[in-house]
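A.B. asks: Sharing a structure below in structure tokens format, with a few things to ask.
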Amino acid sequence: MLTKRQLDLLRLIDSRIKRNGIPPSFEEMKDAMGLKSKSGVHRLINALVERKHLRRLPNRARALEVLKLPEQQTNATADAFAAAASSAANDQRHMLEDMFDTILVPVMGRIAAGSPIEAISQKEREINVPSYILSGIGEHFALTVSGDSMIGAGILDSDVVLIRKQHTADNGEIIVALVKDEEVTLKRLRKKGSSIALEAANPDHETRVYRPNEIAVQGKLVGLLRSY
């Protein structure tokens with residue numbers, strides 16, 4: 001049996017797909033459900049996927065497909081479920097679920113926060129990452145930082161950075177850059193006319209300037225994990 005929130009979101013996604021051909025965006029779902037953050041949407045979607053009511057489709061924007069709607073669960077049943085607990089108890093439960101809801105992310109080796117190192121090769125392991133750190137729909141991966149060139153941005157040696165896979169980035173964003181099809185590095189992107197600069201956040205490391213065809217964006221920094 002689905003909770004009222006899960007059922008409401010499932011019906012919202014189903015009606016939007018039938019009407020527009022695509023599900024609503026995470027921002028639209030958040031607003032329609034009256035949630036404070038997108039992490040609540042992630043939590044509800046994960047629950048619907050686990051219960052086989054939704055399926056994620058890889059490599060597609062807003063990649064959700066409704067597999068089935070509850071056949072016998074009526075609005076009255078869902079409302080009765082919601083009324084069984086006080087609003088205070090529900091708020092506490094939702095907060096705890098948000099805190100412990102995680103997504104499995106592959107760790108793809110090391111990334112240089114210094115001089116570039118060899119290109120990312122293959123998955124080393126997987127880690128559970130709180131879903132609220134990973135904003136929006138998309139493919140994510142993690143890399144272990146090597147070096148101190150980004151300490152001014154709060155990124156230290158041996159930190160694990162969380163990267164959303166994408167091939168474009170805005171000026172000033174911290175990215176994973178593939179340099180000359182050979183090496184990868186973590187730097188801040190600076191576009192200067194017809195050239196691209198990879199800017200360090202440490203005065204001991206120089207900013208390097210490249211031609212556009214020498215740099216390929218592999219992803220954008222969205223979060224960081226640190227162990228002590």
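Naming scheme: A, B, ... for chains in displayed order of the structure tokens; residues 1 onward per chain; ligands 1 onward as shown.
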Near A:Arg51, counting only C-alpha atoms, which residues have an atom at most 12 Å away, once you skip same-chain residues fewer than 5 positions from it, shown as a PyMOL selection string?
C.D. replies: chain A and resi 1-3+6-7+10+44-46+66-70
A.B. asks: A:His140: which residues within 8 Å, counting only C-alpha atoms, same-chain residues fewer than 4 positions away excluded, as a list in words?
C.D. replies: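 Here the answer would be Val105, Pro106, Leu134, Leu162, Ile163, Arg164 and Lys165 of chain A.
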A.B. asks: Those same residues - C-alpha atoms - I'd like them written as a compact mmCIF listing (two decimals), in the first residue's frame.
C.D. replies:
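And here is the file that came out, part-v6.txt:
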# COMPACT_ATOMS: atom_id res chain seq x y z
CA VAL A 105 27.32 6.21 -6.82
CA PRO A 106 30.40 4.62 -8.51
CA LEU A 134 22.72 15.07 -5.66
CA LEU A 162 30.65 14.06 -6.39
CA ILE A 163 30.29 14.84 -10.07
CA ARG A 164 27.18 15.10 -12.26
CA LYS A 165 28.07 13.80 -15.69
A.B. asks: Just asking: which residues within stretch 138-213 of chain A are helix (DSSP H, G or I) according to DSSP, as a VMD selection string?
C.D. replies: chain A and resid 151 to 153 212 to 213
A.B. asks: For those residues, write C-alpha atoms to a file as a compact mmCIF listing (two decimals), in the first residue's frame.
C.D. replies:
# COMPACT_ATOMS: atom_id res chain seq x y z
CA ILE A 151 42.11 24.09 -1.27
CA GLY A 152 40.90 27.66 -1.70
CA ALA A 153 37.55 26.20 -2.81
CA PRO A 212 38.89 24.89 -26.91
CA ASN A 213 39.62 21.68 -28.82
A.B. asks: A:Ala112: which residues within 12 Å, counting only C-alpha atoms, same-chain residues fewer than 2 positions away excluded, as a VMD selection string?
C.D. replies: chain A and resid 109 to 110 114 to 120 143 to 150 155 to 161 175 to 179 183 to 187 200
A.B. asks: Export N, CA and C atoms of the chosen residues as an mmCIF file, in the first residue's frame?
C.D. replies:
data_model
loop_
_atom_site.group_PDB
_atom_site.id
_atom_site.type_symbol
_atom_site.label_atom_id
_atom_site.label_comp_id
_atom_site.auth_asym_id
_atom_site.auth_seq_id
_atom_site.Cartn_x
_atom_site.Cartn_y
_atom_site.Cartn_z
ATOM 1 N N GLY A 109 37.976 6.255 -9.535
ATOM 2 C CA GLY A 109 39.414 6.464 -9.435
ATOM 3 C C GLY A 109 39.761 7.805 -8.837
ATOM 4 N N ARG A 110 40.939 8.324 -9.209
ATOM 5 C CA ARG A 110 41.447 9.562 -8.626
ATOM 6 C C ARG A 110 41.383 10.702 -9.640
ATOM 7 N N GLY A 114 45.809 19.321 -8.896
ATOM 8 C CA GLY A 114 47.208 19.699 -9.023
ATOM 9 C C GLY A 114 47.540 19.556 -10.491
ATOM 10 N N SER A 115 48.625 18.896 -10.813
ATOM 11 C CA SER A 115 48.934 18.612 -12.217
ATOM 12 C C SER A 115 48.014 17.497 -12.707
ATOM 13 N N PRO A 116 47.576 17.534 -13.974
ATOM 14 C CA PRO A 116 46.672 16.504 -14.481
ATOM 15 C C PRO A 116 47.270 15.112 -14.346
ATOM 16 N N ILE A 117 46.393 14.122 -14.126
ATOM 17 C CA ILE A 117 46.809 12.723 -14.057
ATOM 18 C C ILE A 117 46.096 11.960 -15.161
ATOM 19 N N GLU A 118 46.392 10.660 -15.264
ATOM 20 C CA GLU A 118 45.849 9.870 -16.366
ATOM 21 C C GLU A 118 44.327 9.848 -16.325
ATOM 22 N N ALA A 119 43.726 9.633 -17.488
ATOM 23 C CA ALA A 119 42.280 9.724 -17.633
ATOM 24 C C ALA A 119 41.556 8.696 -16.772
ATOM 25 N N ILE A 120 40.301 9.018 -16.418
ATOM 26 C CA ILE A 120 39.464 8.120 -15.643
ATOM 27 C C ILE A 120 39.289 6.823 -16.411
ATOM 28 N N LEU A 143 34.958 10.777 -7.473
ATOM 29 C CA LEU A 143 36.400 10.685 -7.691
ATOM 30 C C LEU A 143 37.117 11.074 -6.403
ATOM 31 N N THR A 144 38.237 10.418 -6.131
ATOM 32 C CA THR A 144 39.056 10.763 -4.972
ATOM 33 C C THR A 144 40.074 11.816 -5.376
ATOM 34 N N VAL A 145 40.150 12.895 -4.612
ATOM 35 C CA VAL A 145 41.011 14.029 -4.953
ATOM 36 C C VAL A 145 42.463 13.727 -4.608
ATOM 37 N N SER A 146 43.348 14.093 -5.509
ATOM 38 C CA SER A 146 44.782 13.978 -5.282
ATOM 39 C C SER A 146 45.423 15.344 -5.517
ATOM 40 N N GLY A 147 45.975 15.940 -4.458
ATOM 41 C CA GLY A 147 46.626 17.233 -4.609
ATOM 42 C C GLY A 147 45.919 18.337 -3.844
ATOM 43 N N ASP A 148 46.526 19.531 -3.891
ATOM 44 C CA ASP A 148 46.025 20.642 -3.062
ATOM 45 C C ASP A 148 45.719 21.897 -3.872
ATOM 46 N N SER A 149 45.546 21.764 -5.192
ATOM 47 C CA SER A 149 45.373 22.974 -5.998
ATOM 48 C C SER A 149 44.004 23.628 -5.818
ATOM 49 N N MET A 150 43.051 22.928 -5.174
ATOM 50 C CA MET A 150 41.707 23.484 -5.003
ATOM 51 C C MET A 150 41.361 23.741 -3.534
ATOM 52 N N ILE A 155 38.362 22.186 -1.144
ATOM 53 C CA ILE A 155 38.548 20.812 -1.605
ATOM 54 C C ILE A 155 39.958 20.364 -1.235
ATOM 55 N N LEU A 156 40.052 19.362 -0.368
ATOM 56 C CA LEU A 156 41.340 18.932 0.165
ATOM 57 C C LEU A 156 41.781 17.604 -0.434
ATOM 58 N N ASP A 157 43.069 17.323 -0.297
ATOM 59 C CA ASP A 157 43.624 16.040 -0.722
ATOM 60 C C ASP A 157 42.894 14.904 -0.008
ATOM 61 N N SER A 158 42.502 13.866 -0.753
ATOM 62 C CA SER A 158 41.798 12.665 -0.280
ATOM 63 C C SER A 158 40.297 12.867 -0.086
ATOM 64 N N ASP A 159 39.775 14.075 -0.311
ATOM 65 C CA ASP A 159 38.315 14.247 -0.343
ATOM 66 C C ASP A 159 37.735 13.435 -1.491
ATOM 67 N N VAL A 160 36.473 13.065 -1.366
ATOM 68 C CA VAL A 160 35.752 12.419 -2.461
ATOM 69 C C VAL A 160 34.772 13.437 -3.032
ATOM 70 N N VAL A 161 34.975 13.801 -4.304
ATOM 71 C CA VAL A 161 34.092 14.777 -4.942
ATOM 72 C C VAL A 161 33.012 14.045 -5.722
ATOM 73 N N ILE A 175 34.844 21.940 -12.556
ATOM 74 C CA ILE A 175 34.548 20.836 -13.476
ATOM 75 C C ILE A 175 35.632 19.770 -13.432
ATOM 76 N N VAL A 176 35.271 18.602 -13.952
ATOM 77 C CA VAL A 176 36.251 17.583 -14.329
ATOM 78 C C VAL A 176 36.536 17.800 -15.809
ATOM 79 N N ALA A 177 37.799 18.076 -16.134
ATOM 80 C CA ALA A 177 38.182 18.373 -17.513
ATOM 81 C C ALA A 177 39.129 17.290 -18.031
ATOM 82 N N LEU A 178 38.843 16.813 -19.217
ATOM 83 C CA LEU A 178 39.752 15.919 -19.926
ATOM 84 C C LEU A 178 40.656 16.786 -20.799
ATOM 85 N N VAL A 179 41.949 16.711 -20.529
ATOM 86 C CA VAL A 179 42.917 17.580 -21.193
ATOM 87 C C VAL A 179 43.627 16.804 -22.301
ATOM 88 N N GLU A 183 44.557 13.313 -20.038
ATOM 89 C CA GLU A 183 44.622 13.488 -18.592
ATOM 90 C C GLU A 183 43.362 14.167 -18.091
ATOM 91 N N VAL A 184 43.060 13.931 -16.800
ATOM 92 C CA VAL A 184 41.910 14.585 -16.193
ATOM 93 C C VAL A 184 42.350 15.431 -14.997
ATOM 94 N N THR A 185 41.617 16.506 -14.776
ATOM 95 C CA THR A 185 41.944 17.371 -13.649
ATOM 96 C C THR A 185 40.671 18.037 -13.143
ATOM 97 N N LEU A 186 40.701 18.470 -11.895
ATOM 98 C CA LEU A 186 39.581 19.173 -11.275
ATOM 99 C C LEU A 186 39.963 20.638 -11.133
ATOM 100 N N LYS A 187 39.291 21.509 -11.869
ATOM 101 C CA LYS A 187 39.637 22.934 -11.856
ATOM 102 C C LYS A 187 38.393 23.778 -12.086
ATOM 103 N N ALA A 200 43.237 27.157 -10.880
ATOM 104 C CA ALA A 200 43.431 26.548 -9.570
ATOM 105 C C ALA A 200 42.900 27.484 -8.483
#
A.B. asks: With only C-alpha atoms as the atoms that count, which of A:Asp181, A:Glu139, A:Asp204, A:Glu199 lies nearest to A:Gly219?
C.D. replies: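 Smallest distance to A:Gly219 is found for A:Glu139.
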A.B. asks: Work out how far atom CA of A:Ser131 is from atom CA of A:Ala47, in Å to one decimal.
C.D. replies: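 Separation between atom CA of A:Ala47 and atom CA of A:Ser131: 12.7 Å.
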A.B. asks: Expressed in Å to a single decimal, how great is the separation between atom CA of A:Pro23 and atom CA of A:Leu35?
C.D. replies: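 Atom-to-atom, atom CA of A:Pro23 to atom CA of A:Leu35, that is 17.4 Å.
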A.B. asks: Return the single residue from A:Val129, A:Ala216, A:Ala32, A:Ala113 that is closest to A:Arg16, with distances computed using only C-alpha atoms.
C.D. replies: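 Closest to A:Arg16, using only C-alpha atoms: A:Ala32.
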A.B. asks: Which residue, A:Leu189, A:Asn202, A:Glu65, A:Ile196, has the smallest gap to A:Ser15 when you use only C-alpha atoms?
C.D. replies: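 Selected residue with least distance to A:Ser15: A:Glu65.
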A.B. asks: May I ask which of the residues A:Leu64, A:Met29, A:Leu198, A:Leu48 is the closest one to A:Gly172, counting only C-alpha atoms?
C.D. replies: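 For A:Gly172, the nearest of the candidates is A:Leu198.
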A.B. asks: What separation in Å, quoted to one decimal, exists between atom CA of A:Val49 and atom CA of A:Phe26?
C.D. replies: 15.4 Å
